[in-house]
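*Asks:* I'm passing along model.cif; it holds mmCIF, C-alpha atoms.
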```
data_final
#
loop_
_atom_site.label_atom_id
_atom_site.label_comp_id
_atom_site.auth_asym_id
_atom_site.auth_seq_id
_atom_site.Cartn_x
_atom_site.Cartn_y
_atom_site.Cartn_z
CA MET F 1 92.90 105.87 107.78
CA LEU F 2 92.65 109.35 106.26
CA ILE F 3 94.60 111.07 109.05
CA PRO F 4 98.13 110.65 107.51
CA LEU F 5 97.10 112.21 104.19
CA GLY F 6 96.94 115.75 105.57
CA PRO F 7 100.55 115.88 106.82
CA LEU F 8 101.78 113.97 103.76
CA LEU F 9 100.10 116.40 101.35
CA GLY F 10 101.35 119.35 103.41
CA LEU F 11 104.93 118.09 103.30
CA ALA F 12 104.65 117.35 99.58
CA LEU F 13 103.32 120.85 98.88
CA LEU F 14 106.02 122.52 100.98
CA LEU F 15 108.84 120.69 99.20
CA ARG F 16 107.39 121.33 95.74
CA LEU F 17 106.94 125.04 96.36
CA ILE F 18 110.74 125.32 96.65
CA PRO F 19 111.43 124.64 92.93
CA PHE F 20 108.10 126.24 91.99
CA PHE F 21 109.34 129.66 93.12
CA ARG F 22 113.03 129.01 92.45
CA GLU F 23 112.78 128.16 88.74
CA PRO F 24 111.34 131.10 86.76
CA LEU F 25 112.01 129.45 83.39
CA ILE F 26 109.93 126.67 81.86
CA ASN F 27 111.31 123.51 80.29
CA PRO F 28 111.63 123.69 76.46
CA ASP F 29 108.98 121.08 75.67
CA GLY F 30 106.54 122.92 77.93
CA ILE F 31 106.19 125.51 75.19
CA THR F 32 104.78 122.80 72.93
CA TYR F 33 102.00 121.93 75.36
CA ILE F 34 101.17 125.59 75.98
CA LEU F 35 100.90 126.30 72.24
CA GLN F 36 98.67 123.27 71.81
CA ALA F 37 96.53 124.42 74.74
CA LYS F 38 96.19 127.86 73.13
CA ALA F 39 95.03 126.27 69.89
CA LEU F 40 92.44 124.22 71.79
CA TYR F 41 91.27 127.24 73.78
CA LEU F 42 90.88 129.37 70.65
CA HIS F 43 89.16 126.48 68.78
CA GLU F 44 91.87 126.50 66.10
CA SER F 45 91.59 122.79 65.32
CA LYS F 46 93.96 122.98 62.34
CA LYS F 47 96.81 124.21 64.54
CA VAL F 48 96.41 121.63 67.33
CA LEU F 49 98.43 118.96 65.54
CA GLU F 50 101.09 121.38 64.32
CA PHE F 51 102.81 121.21 67.70
CA TYR F 52 102.42 117.52 68.60
CA ALA F 53 101.35 114.28 66.93
CA TYR F 54 98.07 114.12 68.87
CA PRO F 55 96.16 116.31 71.36
CA THR F 56 97.60 115.64 74.81
CA ASN F 57 95.45 115.58 77.92
CA LEU F 58 97.89 118.10 79.40
CA ALA F 59 96.89 120.61 76.73
CA TYR F 60 93.19 120.16 77.59
CA LEU F 61 93.91 120.64 81.29
CA ILE F 62 96.03 123.75 80.69
CA SER F 63 93.34 125.37 78.57
CA GLY F 64 90.75 124.59 81.27
CA VAL F 65 92.81 126.14 84.08
CA PHE F 66 93.67 129.15 81.89
CA HIS F 67 89.95 129.88 81.65
CA LEU F 68 90.02 130.43 85.43
CA ILE F 69 93.28 132.33 86.04
CA GLY F 70 94.25 133.81 82.66
CA ASP F 71 97.99 132.96 82.70
CA TRP F 72 99.31 130.24 80.39
CA VAL F 73 102.59 129.45 82.14
CA LEU F 74 101.09 129.52 85.62
CA SER F 75 98.17 127.36 84.47
CA ALA F 76 100.53 124.75 83.06
CA ARG F 77 102.71 124.63 86.16
CA LEU F 78 99.68 124.43 88.46
CA VAL F 79 98.39 121.41 86.54
CA SER F 80 101.70 119.59 87.09
CA LEU F 81 101.82 120.64 90.73
CA PHE F 82 98.25 119.48 91.37
CA PHE F 83 98.72 116.00 89.91
CA SER F 84 102.05 115.61 91.65
CA LEU F 85 100.33 116.26 94.97
CA ALA F 86 97.33 114.12 94.04
CA THR F 87 99.60 111.14 93.33
CA THR F 88 100.26 110.94 97.06
CA ILE F 89 96.68 109.79 97.73
CA PRO F 90 96.42 106.64 95.53
CA LEU F 91 100.03 105.74 96.34
CA TYR F 92 99.26 105.73 100.07
CA PHE F 93 96.14 103.60 99.66
CA LEU F 94 98.02 101.26 97.31
CA SER F 95 100.65 100.80 100.01
CA ARG F 96 97.96 100.17 102.63
CA LEU F 97 96.76 97.17 100.64
CA PHE F 98 100.02 95.40 101.46
CA TRP F 99 101.43 97.03 104.59
CA ALA F 100 100.51 98.43 107.97
CA ARG F 101 99.87 102.14 108.43
CA ALA F 102 103.40 103.10 109.53
CA THR F 103 105.04 101.24 106.64
CA ALA F 104 102.58 102.69 104.11
CA ILE F 105 103.37 106.20 105.35
CA THR F 106 107.11 105.54 104.96
CA ILE F 107 106.65 104.22 101.42
CA THR F 108 104.63 107.29 100.48
CA VAL F 109 107.28 109.57 101.98
CA PHE F 110 109.82 107.97 99.63
CA TYR F 111 107.91 109.61 96.77
CA VAL F 112 107.06 112.81 98.64
CA VAL F 113 110.69 113.68 99.46
CA SER F 114 112.30 112.30 96.27
CA PRO F 115 114.43 115.16 94.85
CA LEU F 116 113.81 113.97 91.29
CA PHE F 117 110.02 113.89 91.59
CA VAL F 118 109.99 117.15 93.55
CA GLU F 119 111.86 118.85 90.72
CA LEU F 120 109.76 117.30 87.95
CA SER F 121 106.55 118.28 89.73
CA VAL F 122 106.83 121.91 88.63
CA ASN F 123 107.91 121.22 85.05
CA ILE F 124 105.34 121.46 82.27
CA ILE F 125 105.36 117.76 81.39
CA ARG F 126 102.92 114.88 81.12
CA GLY F 127 104.67 112.99 83.92
CA PRO F 128 102.60 114.07 86.97
CA GLU F 129 99.30 113.10 85.31
CA PHE F 130 100.84 109.77 84.35
CA TRP F 131 102.00 109.13 87.94
CA PHE F 132 98.53 109.83 89.30
CA PHE F 133 96.57 107.65 86.89
CA LEU F 134 99.15 104.86 87.10
CA CYS F 135 98.92 104.73 90.91
CA LEU F 136 95.13 104.98 90.80
CA GLY F 137 94.91 102.11 88.33
CA LEU F 138 97.34 99.99 90.35
CA PHE F 139 95.33 100.59 93.51
CA CYS F 140 92.04 99.60 91.88
CA PHE F 141 93.42 96.47 90.20
CA CYS F 142 95.43 95.27 93.21
CA ARG F 143 92.40 95.77 95.43
CA PHE F 144 90.37 93.76 92.94
CA LEU F 145 92.93 90.93 93.14
CA LYS F 146 93.04 91.03 96.95
CA THR F 147 89.27 91.15 97.50
CA ASP F 148 87.46 87.90 98.28
CA GLN F 149 84.36 89.13 96.47
CA PRO F 150 85.68 91.06 93.44
CA ASN F 151 83.82 94.25 92.54
CA TRP F 152 83.26 94.95 88.86
CA ARG F 153 83.41 98.70 89.59
CA LEU F 154 87.09 98.33 90.49
CA LEU F 155 87.77 96.91 87.04
CA CYS F 156 85.94 99.82 85.41
CA PHE F 157 88.06 102.32 87.35
CA THR F 158 91.18 100.27 86.54
CA ALA F 159 90.49 100.37 82.82
CA ILE F 160 89.73 104.09 82.82
CA SER F 161 92.80 104.94 84.92
CA PHE F 162 95.22 102.89 82.83
CA LEU F 163 93.71 104.25 79.61
CA LEU F 164 94.20 107.82 80.81
CA ALA F 165 97.74 106.90 81.88
CA GLY F 166 98.35 105.63 78.35
CA TRP F 167 97.02 108.91 76.97
CA CYS F 168 99.49 110.75 79.21
CA ARG F 169 102.49 108.64 78.22
CA ILE F 170 102.64 105.89 75.63
CA GLU F 171 104.32 103.46 78.05
CA GLY F 172 101.12 103.65 80.10
CA ILE F 173 99.66 101.15 77.65
CA LEU F 174 101.79 98.46 79.30
CA PRO F 175 99.79 98.13 82.58
CA LEU F 176 96.60 98.40 80.51
CA PHE F 177 97.75 95.41 78.44
CA LEU F 178 98.98 93.43 81.46
CA ALA F 179 95.74 93.86 83.40
CA GLY F 180 93.68 92.79 80.39
CA SER F 181 95.92 89.78 79.80
CA TRP F 182 95.64 88.84 83.47
CA LEU F 183 91.83 88.79 83.28
CA LEU F 184 91.94 86.65 80.14
CA LEU F 185 94.59 84.16 81.29
CA HIS F 186 94.31 83.89 85.08
CA GLN F 187 91.88 81.10 85.91
CA LYS F 188 90.37 82.68 89.02
CA SER F 189 89.87 86.09 87.37
CA ARG F 190 88.70 84.79 83.98
CA LYS F 191 85.00 85.49 84.29
CA PHE F 192 82.69 86.92 81.66
CA SER F 193 81.49 89.69 83.98
CA ASN F 194 85.08 90.74 84.76
CA ILE F 195 86.05 90.81 81.10
CA ILE F 196 83.01 92.92 80.19
CA ALA F 197 83.59 95.30 83.12
CA TYR F 198 87.20 95.87 82.03
CA PHE F 199 87.04 95.94 78.24
CA LEU F 200 83.69 97.67 77.64
CA PRO F 201 84.83 101.03 79.12
CA LEU F 202 88.04 100.74 77.10
CA ILE F 203 86.15 100.32 73.85
CA LEU F 204 83.69 103.12 74.56
CA ILE F 205 86.27 105.64 75.81
CA THR F 206 88.76 104.82 73.04
CA CYS F 207 86.11 105.41 70.38
CA GLY F 208 85.15 108.67 72.06
CA LEU F 209 88.75 109.88 72.28
CA ILE F 210 89.41 109.06 68.64
CA SER F 211 86.33 111.01 67.56
CA ILE F 212 87.33 113.99 69.73
CA MET F 213 90.97 114.00 68.67
CA ASN F 214 90.16 113.76 64.98
CA SER F 215 93.65 112.44 64.26
CA ASP F 216 95.28 109.20 63.24
CA ILE F 217 95.78 107.95 66.79
CA ILE F 218 95.71 104.34 65.58
CA HIS F 219 98.96 105.11 63.75
CA ALA F 220 100.42 107.12 66.62
CA LEU F 221 100.10 104.33 69.20
CA PRO F 222 102.06 101.62 67.35
CA HIS F 223 104.61 104.22 66.33
CA GLY F 224 105.16 105.13 69.95
CA PHE F 225 105.17 101.56 71.30
CA THR F 226 105.70 98.80 68.73
CA TYR F 227 107.92 100.76 66.37
CA ARG F 228 110.27 101.65 69.21
CA VAL F 229 111.17 98.00 69.57
CA VAL F 230 111.97 97.70 65.87
CA ASP F 231 113.85 101.00 65.80
CA SER F 232 115.92 100.04 68.85
CA ILE F 233 116.95 96.75 67.20
CA ASN F 234 117.94 98.62 64.04
CA ARG F 235 119.89 101.18 66.07
CA PHE F 236 121.66 98.39 67.97
CA GLN F 237 122.67 96.68 64.72
CA TRP F 238 123.85 99.98 63.27
CA LEU F 239 126.14 100.50 66.27
CA ARG F 240 127.55 96.98 65.89
CA ASN F 241 128.28 97.66 62.22
CA ALA F 242 129.97 100.94 63.13
CA LEU F 243 132.15 99.17 65.70
CA THR F 244 133.01 96.52 63.11
CA ALA F 245 134.20 99.22 60.74
CA LEU F 246 136.32 100.76 63.49
CA GLN F 247 137.71 97.32 64.33
CA GLU F 248 138.87 96.84 60.75
CA SER F 249 140.35 100.35 60.56
CA PRO F 250 141.11 101.41 64.14
CA PRO F 251 142.08 105.03 64.85
CA LEU F 252 145.73 105.75 65.52
CA GLY F 253 146.69 104.81 69.07
CA ALA F 254 143.54 102.78 69.77
CA VAL F 255 143.79 99.38 71.46
CA PRO F 256 143.23 96.83 68.65
CA SER F 257 140.92 94.53 70.61
CA PHE F 258 138.82 97.30 72.16
CA PHE F 259 136.27 97.61 69.35
CA SER F 260 135.89 93.85 69.08
CA GLU F 261 135.11 93.55 72.79
CA ALA F 262 132.86 96.62 72.71
CA LYS F 263 130.83 95.08 69.89
CA GLN F 264 130.37 91.84 71.81
CA PHE F 265 129.27 93.53 75.04
CA LEU F 266 127.24 96.39 73.60
CA TRP F 267 124.08 94.85 75.09
CA LEU F 268 125.72 94.91 78.53
CA LEU F 269 126.45 98.62 78.16
CA GLY F 270 122.74 99.18 77.56
CA LEU F 271 121.98 97.35 80.80
CA GLY F 272 124.46 99.59 82.60
CA VAL F 273 122.81 102.76 81.32
CA SER F 274 119.39 101.35 82.26
CA ALA F 275 120.60 100.54 85.77
CA ASN F 276 122.03 104.04 86.10
CA SER F 277 118.68 105.60 85.13
CA ILE F 278 116.84 103.43 87.65
CA LEU F 279 119.36 104.21 90.38
CA LYS F 280 119.12 107.97 89.76
CA THR F 281 115.33 107.86 89.87
CA PHE F 282 115.04 105.84 93.08
CA GLY F 283 118.00 107.46 94.81
CA GLY F 284 120.86 105.44 96.28
CA ILE F 285 119.52 104.58 99.73
CA PHE F 286 115.91 104.28 98.60
CA PHE F 287 116.98 101.95 95.79
CA LEU F 288 118.83 99.63 98.18
CA ILE F 289 115.80 99.45 100.48
CA THR F 290 113.54 98.67 97.51
CA VAL F 291 115.83 95.96 96.12
CA PHE F 292 116.18 94.41 99.57
CA GLY F 293 112.42 94.32 99.97
CA PHE F 294 111.95 92.96 96.45
CA THR F 295 114.31 90.02 96.99
CA LYS F 296 112.93 89.32 100.47
CA ASN F 297 109.35 89.26 99.25
CA ALA F 298 110.31 87.06 96.33
CA THR F 299 111.75 84.46 98.72
CA SER F 300 108.95 84.83 101.25
CA TYR F 301 106.26 83.48 98.93
CA PRO F 302 107.21 80.13 97.38
CA THR F 303 103.83 79.91 95.59
CA PRO F 304 102.95 83.59 95.09
CA VAL F 305 100.56 83.12 92.18
CA GLY F 306 98.05 81.37 94.38
CA ARG F 307 98.70 83.32 97.57
CA GLN F 308 99.64 86.84 96.46
CA PRO F 309 98.35 87.51 92.91
CA ALA F 310 98.57 91.28 93.42
CA LEU F 311 102.31 91.02 94.15
CA ILE F 312 102.81 88.87 91.07
CA PHE F 313 101.06 91.46 88.93
CA LEU F 314 103.38 94.16 90.29
CA ILE F 315 106.41 91.95 89.62
CA LEU F 316 105.27 91.39 86.03
CA LEU F 317 104.83 95.14 85.59
CA ILE F 318 108.30 95.82 86.99
CA LEU F 319 109.97 93.23 84.76
CA SER F 320 108.16 94.29 81.59
CA GLY F 321 108.70 97.95 82.48
CA GLY F 322 112.41 97.24 82.84
CA PHE F 323 112.36 95.83 79.31
CA ILE F 324 110.72 99.03 78.04
CA ILE F 325 113.45 101.09 79.71
CA TYR F 326 116.14 98.92 78.12
CA ILE F 327 114.53 99.28 74.68
CA GLN F 328 114.44 103.06 75.09
CA ILE F 329 118.11 103.10 76.09
CA LEU F 330 119.06 101.13 72.97
CA LEU F 331 117.06 103.62 70.91
CA ASN F 332 118.66 106.88 72.02
CA TRP F 333 121.44 105.94 74.50
CA CYS F 334 120.65 108.54 77.13
CA ASP F 335 119.34 108.48 80.67
CA CYS F 336 115.57 107.84 80.65
CA GLU F 337 114.46 108.82 84.14
CA ARG F 338 111.00 109.70 82.82
CA PHE F 339 110.39 106.06 81.82
CA VAL F 340 111.45 104.73 85.22
CA ALA F 341 108.19 105.98 86.79
CA LEU F 342 106.60 102.92 85.18
CA ILE F 343 108.47 100.66 87.61
CA TYR F 344 109.14 103.18 90.39
CA PHE F 345 105.66 103.18 91.92
CA PRO F 346 105.06 99.40 91.85
CA GLY F 347 108.65 98.95 93.03
CA LEU F 348 108.02 101.08 96.10
CA ILE F 349 105.57 98.47 97.39
CA PHE F 350 108.45 96.02 97.77
CA ALA F 351 110.39 98.56 99.81
CA GLY F 352 107.93 97.87 102.61
CA TYR F 353 109.90 94.95 103.99
CA GLY F 354 113.04 97.07 104.21
CA CYS F 355 111.02 99.82 105.90
CA ASN F 356 109.70 97.33 108.45
CA GLN F 357 113.21 96.14 109.22
CA ILE F 358 114.44 99.70 109.72
CA LEU F 359 111.48 100.62 111.93
CA ASN F 360 112.05 97.53 114.09
CA ARG F 361 115.76 98.29 114.48
CA ILE F 362 115.07 101.91 115.43
CA GLU F 363 112.53 100.75 117.99
CA ARG F 364 115.08 98.40 119.56
CA ILE F 365 117.82 101.03 119.64
CA LEU F 366 115.57 103.90 120.76
CA PRO F 367 112.71 102.21 122.61
CA GLU F 368 111.38 105.44 124.09
CA LYS F 369 111.25 107.27 120.75
CA ARG F 370 108.67 106.96 118.01
CA PRO F 371 110.48 105.01 115.26
CA LEU F 372 108.21 106.27 112.46
CA ILE F 373 108.84 109.95 113.23
CA PHE F 374 112.57 109.32 113.60
CA LEU F 375 112.72 107.50 110.23
CA LEU F 376 110.71 110.20 108.43
CA ILE F 377 113.02 112.91 109.78
CA LEU F 378 116.01 110.84 108.63
CA LEU F 379 114.59 110.44 105.11
CA LEU F 380 113.85 114.15 104.91
CA ALA F 381 117.37 115.01 106.09
CA ILE F 382 118.86 112.77 103.39
CA SER F 383 116.80 114.20 100.53
CA LEU F 384 116.37 117.86 101.50
CA PRO F 385 119.91 119.03 100.57
CA LYS F 386 119.41 117.79 96.99
CA THR F 387 116.02 119.47 96.82
CA LEU F 388 117.42 122.80 97.99
CA ARG F 389 120.29 122.59 95.54
CA SER F 390 119.61 124.09 92.10
CA SER F 391 118.95 121.23 89.70
CA LYS F 392 119.44 120.54 86.01
CA LEU F 393 116.85 117.79 85.82
CA SER F 394 114.73 119.62 83.26
CA ARG F 395 117.29 118.86 80.58
CA SER F 396 116.20 115.21 80.43
CA VAL F 397 112.45 115.65 80.41
CA VAL F 398 110.25 115.34 77.36
#
```
Would you give me this structure, written as structure tokens?
*Replies:*
Amino acid sequence: MLIPLGPLLGLALLLRLIPFFREPLINPDGITYILQAKALYLHESKKVLEFYAYPTNLAYLISGVFHLIGDWVLSARLVSLFFSLATTIPLYFLSRLFWARATAITITVFYVVSPLFVELSVNIIRGPEFWFFLCLGLFCFCRFLKTDQPNWRLLCFTAISFLLAGWCRIEGILPLFLAGSWLLLHQKSRKFSNIIAYFLPLILITCGLISIMNSDIIHALPHGFTYRVVDSINRFQWLRNALTALQESPPLGAVPSFFSEAKQFLWLLGLGVSANSILKTFGGIFFLITVFGFTKNATSYPTPVGRQPALIFLILLILSGGFIIYIQILLNWCDCERFVALIYFPGLIFAGYGCNQILNRIERILPEKRPLIFLLILLLAISLPKTLRSSKLSRSVV
């Protein structure tokens, strides 16, 4: 079971070393995390919050690695590179919960060769840590749901992983909330021991983090999550009012009915931008395979709640994550590839059916060849040109 991880990690490292040595500059927001790491390293507690609203786990990791190698920029990039590679491990085991070995390898390769994730892996951002803890939490919770005799240790690891994912990125609170709600509402999982195993680590670790951070994190969390919903609604209404004003006094040469129609279908424009962000993150061919697998799995299980609770949890995460992406689009009206990771990794699980179909077709067409190797070479050939091409992805990362 561990044999595929060596080649997968080797391929992931090889692809990520390309932008690692190609891009000598760091992304602008990376400076913020480095300055915060310096303040932590020098024990200048008053300066820690001058650069960001709360101490990020990335800053702690950078300061720890700096103690070993003595270079701030290299330390920060190595942290991102390490967690990007480490994400391969829980993603593979998550895939193995649902699919055979060959399909799980193919699903993992989707992430390994993705030009977007390859490029982001060497940026000084909180994304790679978020990917790792999200996949680790999904693996633990899905294994808990698929095990005949649930293990309370899996729930402890789930809670810790999702909490750390929420510390990395505020949208990481969503799977933390969904898993807790599942344990409280799902009849089979609603046991006192399960609830204690999940919520007790959350309470203890949250109290510890608040005491360490020494900042108003209780205010920061609703500002980053709840307030975004309110702000997006206000921004949406402001745009409608602006279009109404333009409708009443249209610019010279403008089509009279354009602003009226634009105001009515402004919500649809937000859906279009959201779909574009999702498509760019998955990649065209990978997105089609994922959607095909998603629809096929949805029709394959007429009563999935009773028969496949782990799949239902992933579907709920994808749907609610899509709502978060839409809210973010309405807030700032720009591509939000960094938010798509919330649905990218659970979405990859549904690409398994499409992968199976492709592997079966290759085996029928080329019976004497190994279909898995042929498919992996094909995926690498599709993605490698974009990886080798100089990218401008860092512009959209925060």
*Asks:* Might you spell out which residues the PyMOL selection byres ((chain F and resi 41) around 9) would select in the displayed file, as a count of residues only?
*Replies:* 13
*Asks:* Applying the PyMOL selection byres ((chain F and resi 88) around 8) to the file I just gave you, which residues come out? Please list them as an MDAnalysis selection string.
*Replies:* chainID F and resid 5 8:9 84:87 89:92 108 111:112
*Asks:* Expand the PyMOL selection byres ((chain F and resi 349) around 9) into the individual residues it matches in the shown file, reporting them as an NGL selection string.
*Replies:* :F and (94-95 or 98-99 or 104 or 107 or 290 or 293-294 or 311 or 314 or 345-348 or 350-353)
*Asks:* Which protein, DNA or RNA residues are at most 9 Å from (92.2, 92.1, 82.2) in the file's coordinates when you count only C-alpha atoms, listed as a ChimeraX atom specification?
*Replies:* /F:155,159,176-186,189-190,194-195,198-199
*Asks:* For Ile31 of chain F, which residue out of F:Asn123, F:Asn57, F:Ser257, F:Ser45 is the nearest one, using all atoms listed in the file?
*Replies:*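 Nearest to Ile31 of chain F: F:Asn123.
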*Asks:* Please indicate the distance in Å from atom CA of Leu78 of chain F to atom CA of Pro4 of chain F, rounded to one decimal place.
*Replies:*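 Calculated distance between atom CA of Leu78 of chain F and atom CA of Pro4 of chain F is 23.6 Å.
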*Asks:* Just the number, please: distance in Å from atom CA of Ile362 of chain F to atom CA of Ile289 of chain F, one decimal.
*Replies:* 15.2 Å
*Asks:* Can you work out the spacing between atom CA of Leu35 of chain F and atom CA of Val73 of chain F in Å, to one decimal?
*Replies:*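 Between these atoms lies a distance of 10.5 Å.
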*Asks:* Do you know which residues are at most 8 Å from Ile325 of chain F counting only C-alpha atoms, after dropping those on the same chain fewer than 3 positions away, and could you put them as a ChimeraX atom specification?
*Replies:* /F:274,321-322,328-329,336,339-340
*Asks:* Please provide as a list in words all residues within 12 Å of Leu154 of chain F, with the sequence filter that same-chain residues fewer than 6 positions apart are discarded (counting only C-alpha atoms).
*Replies:*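 Surrounding residues, per the criterion: Leu136, Gly137, Leu138, Phe139, Cys140, Phe141, Cys142, Arg143, Phe144, Leu145, Lys146, Thr147, Ile160, Ser161, Asn194, Ala197, Tyr198 and Pro201 of chain F.
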*Asks:* Just need segment 37-62 of chain F in a file, please: N, CA and C atoms, as a PDB file, in the first residue's frame.
*Replies:*
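And here is the file that came out, selection33.pdb:
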```
ATOM      1  N   ALA F  37       7.205  36.381  11.143  1.00  0.00           N
ATOM      2  CA  ALA F  37       8.088  35.327  11.645  1.00  0.00           C
ATOM      3  C   ALA F  37       9.307  35.926  12.343  1.00  0.00           C
ATOM      4  N   LYS F  38       9.849  37.013  11.790  1.00  0.00           N
ATOM      5  CA  LYS F  38      10.982  37.683  12.431  1.00  0.00           C
ATOM      6  C   LYS F  38      10.602  38.195  13.810  1.00  0.00           C
ATOM      7  N   ALA F  39       9.406  38.798  13.906  1.00  0.00           N
ATOM      8  CA  ALA F  39       8.958  39.312  15.199  1.00  0.00           C
ATOM      9  C   ALA F  39       8.801  38.181  16.216  1.00  0.00           C
ATOM     10  N   LEU F  40       8.295  37.040  15.771  1.00  0.00           N
ATOM     11  CA  LEU F  40       8.166  35.891  16.669  1.00  0.00           C
ATOM     12  C   LEU F  40       9.535  35.357  17.079  1.00  0.00           C
ATOM     13  N   TYR F  41      10.448  35.291  16.133  1.00  0.00           N
ATOM     14  CA  TYR F  41      11.782  34.749  16.398  1.00  0.00           C
ATOM     15  C   TYR F  41      12.550  35.633  17.374  1.00  0.00           C
ATOM     16  N   LEU F  42      12.368  36.949  17.250  1.00  0.00           N
ATOM     17  CA  LEU F  42      13.073  37.902  18.107  1.00  0.00           C
ATOM     18  C   LEU F  42      12.296  38.215  19.381  1.00  0.00           C
ATOM     19  N   HIS F  43      11.154  37.521  19.592  1.00  0.00           N
ATOM     20  CA  HIS F  43      10.316  37.702  20.782  1.00  0.00           C
ATOM     21  C   HIS F  43       9.823  39.145  20.912  1.00  0.00           C
ATOM     22  N   GLU F  44       9.546  39.768  19.790  1.00  0.00           N
ATOM     23  CA  GLU F  44       8.992  41.125  19.787  1.00  0.00           C
ATOM     24  C   GLU F  44       7.474  41.020  19.658  1.00  0.00           C
ATOM     25  N   SER F  45       6.822  40.681  20.762  1.00  0.00           N
ATOM     26  CA  SER F  45       5.390  40.384  20.750  1.00  0.00           C
ATOM     27  C   SER F  45       4.549  41.578  20.304  1.00  0.00           C
ATOM     28  N   LYS F  46       5.012  42.794  20.562  1.00  0.00           N
ATOM     29  CA  LYS F  46       4.234  43.968  20.182  1.00  0.00           C
ATOM     30  C   LYS F  46       4.184  44.164  18.669  1.00  0.00           C
ATOM     31  N   LYS F  47       5.186  43.644  17.961  1.00  0.00           N
ATOM     32  CA  LYS F  47       5.240  43.832  16.514  1.00  0.00           C
ATOM     33  C   LYS F  47       4.549  42.709  15.733  1.00  0.00           C
ATOM     34  N   VAL F  48       4.208  41.618  16.417  1.00  0.00           N
ATOM     35  CA  VAL F  48       3.637  40.466  15.709  1.00  0.00           C
ATOM     36  C   VAL F  48       2.352  40.843  14.991  1.00  0.00           C
ATOM     37  N   LEU F  49       1.484  41.594  15.673  1.00  0.00           N
ATOM     38  CA  LEU F  49       0.182  41.927  15.106  1.00  0.00           C
ATOM     39  C   LEU F  49       0.211  43.183  14.252  1.00  0.00           C
ATOM     40  N   GLU F  50       1.387  43.789  14.082  1.00  0.00           N
ATOM     41  CA  GLU F  50       1.484  44.944  13.195  1.00  0.00           C
ATOM     42  C   GLU F  50       1.377  44.538  11.730  1.00  0.00           C
ATOM     43  N   PHE F  51       1.698  43.299  11.433  1.00  0.00           N
ATOM     44  CA  PHE F  51       1.760  42.853  10.045  1.00  0.00           C
ATOM     45  C   PHE F  51       0.522  42.060   9.626  1.00  0.00           C
ATOM     46  N   TYR F  52      -0.180  41.448  10.593  1.00  0.00           N
ATOM     47  CA  TYR F  52      -1.372  40.668  10.270  1.00  0.00           C
ATOM     48  C   TYR F  52      -2.290  40.673  11.481  1.00  0.00           C
ATOM     49  N   ALA F  53      -3.576  40.356  11.251  1.00  0.00           N
ATOM     50  CA  ALA F  53      -4.563  40.471  12.322  1.00  0.00           C
ATOM     51  C   ALA F  53      -4.311  39.496  13.468  1.00  0.00           C
ATOM     52  N   TYR F  54      -3.698  38.354  13.170  1.00  0.00           N
ATOM     53  CA  TYR F  54      -3.412  37.360  14.198  1.00  0.00           C
ATOM     54  C   TYR F  54      -2.157  36.595  13.801  1.00  0.00           C
ATOM     55  N   PRO F  55      -1.468  35.970  14.751  1.00  0.00           N
ATOM     56  CA  PRO F  55      -0.264  35.197  14.402  1.00  0.00           C
ATOM     57  C   PRO F  55      -0.634  33.978  13.557  1.00  0.00           C
ATOM     58  N   THR F  56      -0.080  33.872  12.386  1.00  0.00           N
ATOM     59  CA  THR F  56      -0.366  32.746  11.501  1.00  0.00           C
ATOM     60  C   THR F  56       0.540  31.570  11.834  1.00  0.00           C
ATOM     61  N   ASN F  57       0.041  30.366  11.574  1.00  0.00           N
ATOM     62  CA  ASN F  57       0.894  29.198  11.801  1.00  0.00           C
ATOM     63  C   ASN F  57       2.075  29.180  10.845  1.00  0.00           C
ATOM     64  N   LEU F  58       1.916  29.817   9.683  1.00  0.00           N
ATOM     65  CA  LEU F  58       3.023  29.908   8.736  1.00  0.00           C
ATOM     66  C   LEU F  58       4.188  30.678   9.337  1.00  0.00           C
ATOM     67  N   ALA F  59       3.884  31.746  10.071  1.00  0.00           N
ATOM     68  CA  ALA F  59       4.945  32.533  10.696  1.00  0.00           C
ATOM     69  C   ALA F  59       5.702  31.705  11.737  1.00  0.00           C
ATOM     70  N   TYR F  60       4.982  30.907  12.515  1.00  0.00           N
ATOM     71  CA  TYR F  60       5.646  30.034  13.495  1.00  0.00           C
ATOM     72  C   TYR F  60       6.552  29.022  12.799  1.00  0.00           C
ATOM     73  N   LEU F  61       6.072  28.443  11.706  1.00  0.00           N
ATOM     74  CA  LEU F  61       6.863  27.447  10.984  1.00  0.00           C
ATOM     75  C   LEU F  61       8.103  28.069  10.351  1.00  0.00           C
ATOM     76  N   ILE F  62       7.949  29.268   9.787  1.00  0.00           N
ATOM     77  CA  ILE F  62       9.092  29.941   9.169  1.00  0.00           C
ATOM     78  C   ILE F  62      10.170  30.239  10.209  1.00  0.00           C
TER      79      ILE F  62
END
```
